[in-house]
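Q: Compact mmCIF, C-alpha atoms, file structure34.txt:
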```
# COMPACT_ATOMS: atom_id res chain seq x y z
CA MET A 2 154.77 73.52 102.43
CA LYS A 3 154.18 74.04 98.70
CA VAL A 4 153.89 77.68 97.69
CA GLN A 5 150.69 78.23 95.69
CA ASP A 6 150.72 80.18 92.43
CA LYS A 7 148.88 83.48 92.71
CA VAL A 8 146.77 83.97 89.60
CA ILE A 9 145.18 87.32 90.39
CA GLN A 10 145.69 89.79 93.23
CA GLY A 11 143.94 92.98 94.21
CA LYS A 12 145.13 95.71 96.55
CA ASP A 13 142.91 98.56 97.75
CA VAL A 14 140.64 98.02 94.76
CA CYS A 15 137.68 100.35 94.24
CA ILE A 16 134.82 99.05 92.09
CA GLY A 17 131.83 100.85 90.68
CA TYR A 18 130.75 102.87 87.64
CA ARG A 19 131.78 106.03 85.87
CA THR A 20 129.16 108.28 84.36
CA HIS A 21 129.72 111.45 82.35
CA SER A 22 129.61 113.59 85.47
CA HIS A 23 130.73 111.47 88.43
CA GLU A 24 131.69 108.07 89.84
CA ILE A 25 129.34 105.67 91.60
CA ILE A 26 131.40 103.66 94.09
CA VAL A 27 130.05 100.22 95.01
CA HIS A 28 133.00 99.08 97.18
CA ASN A 29 136.31 100.56 98.19
CA GLU A 30 139.61 99.14 99.49
CA LEU A 31 139.02 95.52 98.45
CA ASN A 32 141.99 93.16 98.92
CA PHE A 33 142.04 89.63 97.55
CA THR A 34 144.04 86.79 95.99
CA LEU A 35 143.00 83.83 93.85
CA TYR A 36 145.24 80.76 93.68
CA ALA A 37 145.81 78.16 90.98
CA GLY A 38 144.18 74.81 91.69
CA GLU A 39 141.44 76.26 93.92
CA MET A 40 137.74 76.93 93.65
CA THR A 41 136.63 80.09 95.44
CA CYS A 42 132.97 80.94 95.99
CA LEU A 43 131.78 84.54 96.15
CA LEU A 44 128.82 84.86 98.54
CA GLY A 45 126.66 87.84 99.34
CA SER A 46 123.12 89.14 99.27
CA ASN A 47 121.48 90.53 96.14
CA GLY A 48 122.76 94.02 95.50
CA SER A 49 125.99 93.49 97.45
CA GLY A 50 128.15 94.06 94.34
CA LYS A 51 129.05 90.49 93.32
CA SER A 52 128.37 91.01 89.62
CA THR A 53 130.20 94.35 89.64
CA LEU A 54 133.25 92.67 91.17
CA LEU A 55 133.18 89.83 88.63
CA ARG A 56 132.87 92.23 85.70
CA THR A 57 135.79 94.25 87.05
CA LEU A 58 137.98 91.16 87.38
CA ALA A 59 137.00 90.08 83.87
CA GLY A 60 138.10 93.44 82.47
CA MET A 61 134.56 94.19 81.28
CA GLN A 62 134.60 97.43 83.25
CA PRO A 63 137.58 99.25 84.75
CA ALA A 64 138.34 99.45 88.45
CA LEU A 65 137.90 102.96 89.82
CA GLY A 66 141.08 102.69 91.88
CA GLY A 67 143.63 100.37 93.39
CA ASP A 68 145.79 97.74 91.75
CA ILE A 69 144.69 94.45 90.14
CA ARG A 70 147.47 92.18 88.89
CA LEU A 71 146.79 89.14 86.73
CA LEU A 72 149.82 86.82 86.60
CA ASN A 73 151.80 89.72 88.08
CA LYS A 74 150.85 92.09 85.24
CA ARG A 75 148.44 94.99 85.68
CA LEU A 76 145.00 94.02 84.42
CA GLN A 77 144.56 97.29 82.53
CA ASP A 78 147.77 96.58 80.58
CA TYR A 79 146.25 93.50 78.92
CA SER A 80 144.89 93.88 75.43
CA GLU A 81 141.44 92.47 74.72
CA LYS A 82 143.00 89.51 72.92
CA GLU A 83 145.42 88.86 75.80
CA ARG A 84 142.53 88.94 78.29
CA SER A 85 140.56 86.45 76.20
CA ARG A 86 143.52 84.06 76.44
CA THR A 87 143.87 84.56 80.18
CA ILE A 88 140.35 84.97 81.59
CA GLY A 89 137.43 82.68 80.81
CA VAL A 90 133.94 83.89 81.66
CA VAL A 91 130.73 81.87 82.04
CA LEU A 92 127.61 84.01 82.44
CA THR A 93 124.14 83.08 83.65
CA GLU A 94 122.15 84.79 80.92
CA LYS A 95 120.30 82.60 78.47
CA SER A 96 122.31 82.44 75.25
CA GLN A 97 121.15 82.52 71.65
CA ALA A 98 123.25 79.45 70.84
CA GLY A 99 120.37 76.97 70.57
CA GLY A 100 121.05 76.35 66.88
CA LEU A 101 124.64 75.24 67.49
CA THR A 102 125.74 71.75 68.39
CA VAL A 103 127.71 71.20 71.58
CA ARG A 104 130.92 70.77 69.62
CA GLU A 105 130.29 73.93 67.58
CA LEU A 106 129.65 75.94 70.73
CA VAL A 107 132.75 74.63 72.49
CA SER A 108 134.82 75.32 69.35
CA LEU A 109 133.97 79.01 69.64
CA GLY A 110 136.13 79.10 72.75
CA ARG A 111 139.20 78.58 70.55
CA GLN A 112 138.72 81.92 68.78
CA PRO A 113 141.40 83.72 70.85
CA HIS A 114 143.91 81.16 69.52
CA THR A 115 142.77 80.63 65.90
CA GLY A 116 143.19 84.08 64.39
CA PHE A 117 140.90 86.04 62.08
CA PHE A 118 139.63 83.11 59.96
CA GLY A 119 139.01 80.80 62.89
CA ARG A 120 140.40 77.68 61.27
CA LEU A 121 140.86 74.80 63.70
CA ASN A 122 144.04 72.76 63.40
CA ALA A 123 144.73 69.33 64.87
CA ARG A 124 145.75 70.72 68.24
CA ASP A 125 142.60 72.84 68.45
CA GLN A 126 140.50 69.75 67.76
CA ALA A 127 142.35 67.82 70.45
CA VAL A 128 141.76 70.62 73.00
CA ILE A 129 138.05 70.63 72.12
CA ASP A 130 137.83 66.85 72.48
CA TYR A 131 139.57 67.02 75.84
CA ALA A 132 137.29 69.77 77.21
CA ILE A 133 134.11 67.98 76.17
CA GLN A 134 135.43 64.82 77.80
CA ALA A 135 136.52 66.72 80.95
CA VAL A 136 133.01 68.02 81.64
CA GLY A 137 131.48 64.60 80.97
CA ILE A 138 129.39 65.25 77.85
CA PRO A 139 131.13 63.44 74.94
CA HIS A 140 127.83 61.63 74.26
CA LEU A 141 126.17 65.01 73.64
CA SER A 142 128.79 66.36 71.23
CA SER A 143 126.48 66.33 68.20
CA LYS A 144 123.36 67.43 70.07
CA TYR A 145 121.98 70.93 69.58
CA ILE A 146 122.23 73.27 72.56
CA ALA A 147 118.45 73.77 72.39
CA GLU A 148 117.98 70.04 73.03
CA LEU A 149 119.97 69.99 76.27
CA SER A 150 118.78 70.25 79.84
CA ASP A 151 119.87 73.30 81.83
CA GLY A 152 122.58 71.28 83.58
CA GLU A 153 123.92 69.85 80.33
CA ARG A 154 123.91 73.30 78.75
CA GLN A 155 125.92 74.70 81.64
CA LYS A 156 128.50 71.93 81.20
CA ALA A 157 128.81 72.87 77.52
CA PHE A 158 129.52 76.50 78.41
CA ILE A 159 132.09 75.42 80.99
CA ALA A 160 133.80 73.33 78.28
CA LYS A 161 133.78 76.43 76.02
CA ALA A 162 135.64 78.33 78.76
CA LEU A 163 138.08 75.46 79.24
CA VAL A 164 139.21 75.43 75.60
CA GLN A 165 140.35 79.04 75.98
CA GLU A 166 143.12 77.51 78.14
CA CYS A 167 142.90 80.36 80.64
CA PRO A 168 144.47 80.21 84.11
CA LEU A 169 141.45 82.13 85.52
CA ILE A 170 137.78 81.24 85.00
CA LEU A 171 135.00 83.45 86.37
CA LEU A 172 131.43 82.17 86.64
CA ASP A 173 128.34 84.22 87.48
CA GLU A 174 125.74 82.06 89.27
CA PRO A 175 126.56 78.82 87.39
CA THR A 176 123.94 76.84 89.34
CA ALA A 177 121.07 79.32 88.98
CA PHE A 178 117.88 77.70 87.62
CA LEU A 179 119.29 74.17 88.09
CA ASP A 180 117.65 71.35 90.05
CA VAL A 181 119.38 69.95 93.13
CA VAL A 182 121.09 67.08 91.28
CA SER A 183 122.46 69.39 88.59
CA ARG A 184 123.61 71.94 91.18
CA ILE A 185 125.65 69.28 92.98
CA GLU A 186 127.04 67.97 89.68
CA ILE A 187 128.13 71.42 88.48
CA MET A 188 129.71 72.45 91.79
CA SER A 189 131.54 69.11 92.06
CA LEU A 190 132.70 69.42 88.44
CA LEU A 191 134.11 72.91 89.00
CA ARG A 192 135.98 71.78 92.12
CA LYS A 193 137.42 68.81 90.18
CA LEU A 194 138.46 70.95 87.21
CA ALA A 195 140.14 73.57 89.40
CA LYS A 196 142.31 70.90 90.98
CA GLU A 197 143.02 68.76 87.91
CA GLU A 198 143.56 71.66 85.50
CA ASN A 199 145.41 73.79 88.10
CA LYS A 200 143.19 76.77 87.34
CA ALA A 201 141.71 79.42 89.60
CA PHE A 202 137.90 79.28 89.57
CA LEU A 203 135.87 82.11 91.09
CA LEU A 204 132.11 81.76 91.06
CA SER A 205 129.33 83.81 92.55
CA THR A 206 126.58 81.65 93.98
CA HIS A 207 123.58 81.53 96.28
CA ASP A 208 124.06 77.76 96.66
CA ILE A 209 125.59 78.19 100.10
CA ASP A 210 125.33 74.55 101.22
CA GLN A 211 127.44 73.31 98.30
CA ALA A 212 129.81 76.27 98.54
CA LEU A 213 130.62 75.42 102.16
CA LEU A 214 131.17 71.76 101.30
CA LEU A 215 133.27 72.14 98.17
CA SER A 216 134.97 75.55 97.94
CA ASP A 217 138.59 75.90 99.01
CA ARG A 218 138.09 79.55 99.93
CA LEU A 219 135.22 81.94 100.38
CA TRP A 220 134.87 85.58 99.43
CA LEU A 221 132.15 87.17 101.57
CA LEU A 222 130.90 90.45 100.12
CA SER A 223 128.58 92.78 102.02
CA LYS A 224 127.67 96.44 101.85
CA GLU A 225 128.61 96.86 105.50
CA LYS A 226 131.96 95.05 105.69
CA GLY A 227 133.20 94.97 102.11
CA LEU A 228 135.13 91.84 101.15
CA THR A 229 136.28 89.23 103.67
CA SER A 230 138.21 86.25 102.28
CA GLY A 231 139.81 83.13 103.66
CA VAL A 232 139.81 79.35 103.81
CA THR A 233 136.22 78.12 104.12
CA GLU A 234 136.51 76.55 107.56
CA ASP A 235 138.32 79.57 109.00
CA LEU A 236 135.43 81.84 108.02
CA ILE A 237 132.79 79.40 109.27
CA LEU A 238 134.40 79.04 112.69
CA SER A 239 135.15 82.76 113.07
CA ASP A 240 131.44 83.70 112.82
CA GLU A 241 132.00 85.72 109.65
CA LEU A 242 129.03 84.05 107.95
CA GLU A 243 126.77 85.09 110.81
CA HIS A 244 127.18 88.71 109.66
CA LEU A 245 126.98 88.13 105.89
CA PHE A 246 123.22 88.70 105.79
CA PRO A 247 122.19 91.49 108.19
CA GLN A 248 118.56 90.39 108.58
CA ASP A 249 117.54 89.76 112.19
CA ASN A 250 115.18 86.91 111.30
CA ILE A 251 117.88 84.49 110.09
CA TYR A 252 121.10 83.16 111.58
CA PHE A 253 123.99 80.99 110.48
CA ASP A 254 124.19 77.62 112.24
CA ALA A 255 127.90 76.74 112.14
CA GLN A 256 127.25 73.19 113.30
CA LYS A 257 124.83 72.47 110.46
CA GLY A 258 126.62 74.71 107.96
CA SER A 259 123.45 76.45 106.81
CA TYR A 260 121.25 79.48 107.39
CA SER A 261 118.04 79.03 109.35
CA PRO A 262 115.11 81.19 110.39
CA ARG A 263 115.15 82.38 113.98
CA THR A 264 112.48 80.61 115.97
CA THR A 265 110.52 81.87 118.96
CA PHE A 266 110.33 79.18 121.64
CA HIS A 267 107.33 79.03 123.95
CA ARG A 268 108.20 75.82 125.81
CA SER A 269 111.17 73.58 126.65
CA ILE A 270 111.59 69.83 126.33
CA CYS A 271 114.29 67.38 127.39
CA LEU A 272 115.57 65.42 124.40
CA GLN A 273 117.67 62.28 124.21
CA ALA A 274 118.38 60.43 120.95
CA GLU A 275 120.16 57.22 120.07
CA SER A 276 122.01 58.74 117.10
CA ASP A 277 123.20 62.10 115.83
CA MET A 278 120.78 61.83 112.90
CA LEU A 279 117.80 61.31 115.19
CA ARG A 280 118.94 64.14 117.42
CA HIS A 281 119.29 66.51 114.45
CA TRP A 282 115.87 65.80 112.94
CA GLY A 283 114.20 65.53 116.33
CA GLN A 284 115.49 68.98 117.23
CA ASN A 285 114.44 70.25 113.79
CA ALA A 286 110.83 69.15 114.36
CA LEU A 287 110.66 70.32 117.98
CA ASN A 288 112.09 73.75 117.14
CA ARG A 289 109.51 74.11 114.38
CA TRP A 290 106.77 73.28 116.89
CA GLY A 291 108.03 75.99 119.25
CA TYR A 292 110.04 73.81 121.67
CA HIS A 293 113.51 74.72 122.96
CA CYS A 294 115.52 71.49 123.29
CA ILE A 295 117.55 70.66 126.39
CA PHE A 296 119.84 67.71 125.72
CA CYS A 297 119.91 65.49 128.80
CA ASN A 298 119.70 61.85 129.89
CA ALA A 299 116.70 62.18 132.18
CA SER A 300 113.63 64.31 132.63
CA GLN A 301 113.98 67.60 134.44
CA GLU A 302 111.30 68.75 136.83
CA GLY A 303 108.22 70.06 135.12
CA LEU A 304 109.50 69.44 131.58
CA PRO A 305 108.38 66.79 129.10
CA PHE A 306 111.04 64.21 128.20
CA LEU A 307 111.43 62.66 124.74
CA LEU A 308 113.57 59.62 123.97
CA LEU A 309 114.08 58.95 120.26
CA GLN A 310 115.07 55.31 119.93
CA SER A 311 114.67 54.91 116.16
CA PRO A 312 112.85 56.63 113.30
CA TYR A 313 109.84 54.47 114.16
CA GLU A 314 109.93 54.37 117.95
CA ALA A 315 109.95 57.15 120.53
CA ILE A 316 108.84 57.51 124.15
CA LEU A 317 107.34 60.75 125.43
CA SER A 318 106.94 61.36 129.18
CA GLN A 319 104.63 64.28 129.84
CA ASP A 320 102.48 65.33 132.81
CA GLY A 321 103.01 62.00 134.53
CA ASN A 322 101.98 60.01 131.46
CA VAL A 323 104.17 57.88 129.20
CA HIS A 324 103.34 57.59 125.51
CA LYS A 325 104.94 55.38 122.89
CA VAL A 326 104.77 56.75 119.34
CA HIS A 327 105.90 55.40 115.98
CA SER A 328 106.19 58.53 113.84
CA PHE A 329 106.76 62.26 114.10
CA GLU A 330 103.17 62.72 113.02
CA GLU A 331 101.98 60.89 116.14
CA LEU A 332 104.44 62.85 118.26
CA GLN A 333 103.23 66.13 116.83
CA ALA A 334 99.62 65.27 117.73
CA LEU A 335 100.61 64.55 121.34
CA LEU A 336 102.69 67.68 121.81
CA ARG A 337 100.05 69.93 120.36
```
Now that the file is in, can you turn its structure into structure tokens?
A:
Amino acid sequence: MKVQDKVIQGKDVCIGYRTHSHEIIVHNELNFTLYAGEMTCLLGSNGSGKSTLLRTLAGMQPALGGDIRLLNKRLQDYSEKERSRTIGVVLTEKSQAGGLTVRELVSLGRQPHTGFFGRLNARDQAVIDYAIQAVGIPHLSSKYIAELSDGERQKAFIAKALVQECPLILLDEPTAFLDVVSRIEIMSLLRKLAKEENKAFLLSTHDIDQALLLSDRLWLLSKEKGLTSGVTEDLILSDELEHLFPQDNIYFDAQKGSYSPRTTFHRSICLQAESDMLRHWGQNALNRWGYHCIFCNASQEGLPFLLLQSPYEAILSQDGNVHKVHSFEELQALLR
């Protein structure tokens, strides 16, 4: 088995804020590792401390205790210039870079390498070209940032982080405010870059569906349990995600890989379907209508029986009557 390179490690880390008179602790005794070539998603409810943790890892605010080692060197021992060559950061906040072209914005990421005057040599230009190509926007190179869509703008900022040539890239909600297509594109791009560039990517996100599909590891952060980390499937199957959000009105469905509202069932129905897809969406509709589904091959005494044969053909046996329907709309009218 290949031994993975550890990019950053934390042991018994305490995060929070220092004021003039006292410390405000957000989390204590956090332990974690990020590996080269992996994308890790940081999940948690609003107010759980995700942004505080990211700022601490970026060196924007000091840890209150514990030990953080970046490439086996204490994070606090890095100078600001050394950090800028080692940690790339992509924030969610709207930037004031609308008057720059994509290439000009990406070029700013070379500042840690170009010195005081910021002159770009041939290698700098090649790195910039490569980063713009890597995120898939060479056709937008001369466009102004203000002219881009939100998804295109986010790709430009990711390219800016890439040209810093950092082994660690931190992203705060990179898919916030994006439509579904752009969210999938950005998450897929980050996963691809982590692997191809052999970098450690850590991103906070509320896009749980894509995180579960694409992230190599998860960091689950909650006020109650602190930080739990591990390979995505290990955490899914160990019920850790069930306890990530403490609200009683939602639950994590490990089979579907998503959170759902808890439903109160008033009736039961026997359900049989000719495919997994029909079974899934049939159950989805019946649950929404207040029916608890019993999966069986024949009707049970006193219960209605529904056979889903195709999206356009279903047979409902109820109260001694047999009905043939051709849509969920017709089925809904019968069951109501």
Q: Pick out the residues sitting within 7 Å of range 26-37 of chain A, and hand them over as a compact mmCIF listing (two decimals) with C-alpha atoms, keeping the file's coordinate frame; count all atoms listed in the file, and ignore anything fewer than 5 positions along from it in its own chain.
A:
```txt
# COMPACT_ATOMS: atom_id res chain seq x y z
CA GLN A 5 150.69 78.23 95.69
CA ASP A 6 150.72 80.18 92.43
CA LYS A 7 148.88 83.48 92.71
CA VAL A 8 146.77 83.97 89.60
CA ILE A 9 145.18 87.32 90.39
CA GLN A 10 145.69 89.79 93.23
CA GLY A 11 143.94 92.98 94.21
CA LYS A 12 145.13 95.71 96.55
CA ASP A 13 142.91 98.56 97.75
CA VAL A 14 140.64 98.02 94.76
CA CYS A 15 137.68 100.35 94.24
CA ILE A 16 134.82 99.05 92.09
CA GLY A 17 131.83 100.85 90.68
CA TYR A 18 130.75 102.87 87.64
CA GLY A 50 128.15 94.06 94.34
CA ASN A 199 145.41 73.79 88.10
CA LYS A 200 143.19 76.77 87.34
CA ALA A 201 141.71 79.42 89.60
CA GLY A 227 133.20 94.97 102.11
CA LEU A 228 135.13 91.84 101.15
CA SER A 230 138.21 86.25 102.28
```
Q: Please enclose the listed atoms of range 178-186 of chain A in an axis-aligned box, pad each side by 6 Å, and write out the centre and the three edge lengths in Å, rounded to one decimal, as JSON.
A:
```
{"center_x": 122.3, "center_y": 72.4, "center_z": 90.4, "size_x": 21.4, "size_y": 22.6, "size_z": 17.5}
```
Q: Near Arg218 in chain A, within 12 Å and counting only C-alpha atoms, which residues show up once chain neighbours fewer than 2 positions away are dropped, as a VMD selection string?
A: chain A and resid 33 to 44 192 201 to 204 212 to 216 220 to 221 229 to 237
Q: Pick from A:Thr115, A:Gln301, A:Gln248, A:Ser80: nearest to Ser269 in chain A, with all atoms listed in the file counted?
A: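 Checking each of A:Thr115, A:Gln301, A:Gln248, A:Ser80 against Ser269 in chain A, counting all atoms listed in the file, the winner is A:Gln301.
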Q: Calculated over all atoms listed in the file, which of the candidates A:Leu101, A:Val91, A:Ile170, A:Leu307 has the smallest distance to Gln155 in chain A?
A: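 Looking only at the distances to Gln155 in chain A, the closest residue turns out to be A:Val91.
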Q: For a quick check of understanding, using all atoms listed in the file, which of A:Leu76, A:Ala147, A:Ile69, A:Ala59 has the smallest distance to Gly100 in chain A?
A: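 Among the listed residues, A:Ala147 lies closest to Gly100 in chain A.
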Q: Let me make sure I understand: among A:Asp277, A:Glu197, A:Glu166, A:Glu148, which one has the smallest atom-to-atom distance to Thr102 in chain A if we use only C-alpha atoms?
A: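 Of all the options, A:Glu148 lies closest to Thr102 in chain A.
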Q: Would you kindly return, as a list in words, each protein, DNA or RNA residue with an atom no farther than 8 Å from any atom of Leu304 in chain A, considering only C-alpha atoms and excluding same-chain residues fewer than 2 positions away?
A: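 Counting only C-alpha atoms, the residues come to Ser269, Ile270, Cys271, Ser300, Gln301, Glu302, Phe306 and Gln319 of chain A.
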Q: Quick one: range 50-67 of chain A with N, CA, C and O atoms, as an mmCIF file, keeping the file's coordinate frame?
A:
```
data_model
loop_
_atom_site.group_PDB
_atom_site.id
_atom_site.type_symbol
_atom_site.label_atom_id
_atom_site.label_comp_id
_atom_site.auth_asym_id
_atom_site.auth_seq_id
_atom_site.Cartn_x
_atom_site.Cartn_y
_atom_site.Cartn_z
ATOM 1 N N GLY A 50 127.054 93.691 95.245
ATOM 2 C CA GLY A 50 128.150 94.060 94.340
ATOM 3 C C GLY A 50 128.890 92.888 93.736
ATOM 4 O O GLY A 50 129.953 93.075 93.134
ATOM 5 N N LYS A 51 128.350 91.672 93.837
ATOM 6 C CA LYS A 51 129.050 90.490 93.320
ATOM 7 C C LYS A 51 129.276 90.585 91.813
ATOM 8 O O LYS A 51 130.385 90.340 91.326
ATOM 9 N N SER A 52 128.229 90.930 91.076
ATOM 10 C CA SER A 52 128.370 91.010 89.620
ATOM 11 C C SER A 52 129.317 92.125 89.215
ATOM 12 O O SER A 52 130.095 91.989 88.254
ATOM 13 N N THR A 53 129.285 93.245 89.926
ATOM 14 C CA THR A 53 130.200 94.350 89.640
ATOM 15 C C THR A 53 131.647 93.908 89.840
ATOM 16 O O THR A 53 132.532 94.217 89.031
ATOM 17 N N LEU A 54 131.904 93.158 90.904
ATOM 18 C CA LEU A 54 133.250 92.670 91.170
ATOM 19 C C LEU A 54 133.698 91.700 90.083
ATOM 20 O O LEU A 54 134.837 91.783 89.582
ATOM 21 N N LEU A 55 132.822 90.778 89.678
ATOM 22 C CA LEU A 55 133.180 89.830 88.630
ATOM 23 C C LEU A 55 133.468 90.540 87.308
ATOM 24 O O LEU A 55 134.431 90.205 86.605
ATOM 25 N N ARG A 56 132.634 91.504 86.954
ATOM 26 C CA ARG A 56 132.870 92.230 85.700
ATOM 27 C C ARG A 56 134.184 93.006 85.745
ATOM 28 O O ARG A 56 134.884 93.115 84.736
ATOM 29 N N THR A 57 134.523 93.529 86.910
ATOM 30 C CA THR A 57 135.790 94.250 87.050
ATOM 31 C C THR A 57 136.971 93.305 86.877
ATOM 32 O O THR A 57 137.941 93.612 86.180
ATOM 33 N N LEU A 58 136.898 92.137 87.499
ATOM 34 C CA LEU A 58 137.980 91.160 87.380
ATOM 35 C C LEU A 58 138.104 90.626 85.958
ATOM 36 O O LEU A 58 139.198 90.259 85.517
ATOM 37 N N ALA A 59 136.980 90.565 85.247
ATOM 38 C CA ALA A 59 137.000 90.080 83.870
ATOM 39 C C ALA A 59 137.496 91.127 82.891
ATOM 40 O O ALA A 59 137.710 90.824 81.702
ATOM 41 N N GLY A 60 137.681 92.375 83.355
ATOM 42 C CA GLY A 60 138.100 93.440 82.470
ATOM 43 C C GLY A 60 136.966 94.021 81.656
ATOM 44 O O GLY A 60 137.186 94.791 80.714
ATOM 45 N N MET A 61 135.718 93.664 82.004
ATOM 46 C CA MET A 61 134.560 94.190 81.280
ATOM 47 C C MET A 61 134.268 95.633 81.658
ATOM 48 O O MET A 61 133.614 96.349 80.898
ATOM 49 N N GLN A 62 134.691 96.034 82.835
ATOM 50 C CA GLN A 62 134.600 97.430 83.250
ATOM 51 C C GLN A 62 135.836 97.729 84.097
ATOM 52 O O GLN A 62 136.333 96.853 84.805
ATOM 53 N N PRO A 63 136.345 98.957 84.031
ATOM 54 C CA PRO A 63 137.580 99.250 84.750
ATOM 55 C C PRO A 63 137.356 99.438 86.241
ATOM 56 O O PRO A 63 136.281 99.865 86.678
ATOM 57 N N ALA A 64 138.366 99.103 87.025
ATOM 58 C CA ALA A 64 138.340 99.450 88.450
ATOM 59 C C ALA A 64 138.452 100.963 88.576
ATOM 60 O O ALA A 64 139.093 101.631 87.751
ATOM 61 N N LEU A 65 137.840 101.519 89.598
ATOM 62 C CA LEU A 65 137.900 102.960 89.820
ATOM 63 C C LEU A 65 139.161 103.370 90.576
ATOM 64 O O LEU A 65 139.487 104.559 90.642
ATOM 65 N N GLY A 66 139.850 102.393 91.154
ATOM 66 C CA GLY A 66 141.080 102.690 91.880
ATOM 67 C C GLY A 66 141.720 101.412 92.360
ATOM 68 O O GLY A 66 141.169 100.318 92.245
ATOM 69 N N GLY A 67 142.917 101.530 92.889
ATOM 70 C CA GLY A 67 143.630 100.370 93.390
ATOM 71 C C GLY A 67 144.392 99.645 92.300
ATOM 72 O O GLY A 67 144.507 100.112 91.155
#
```
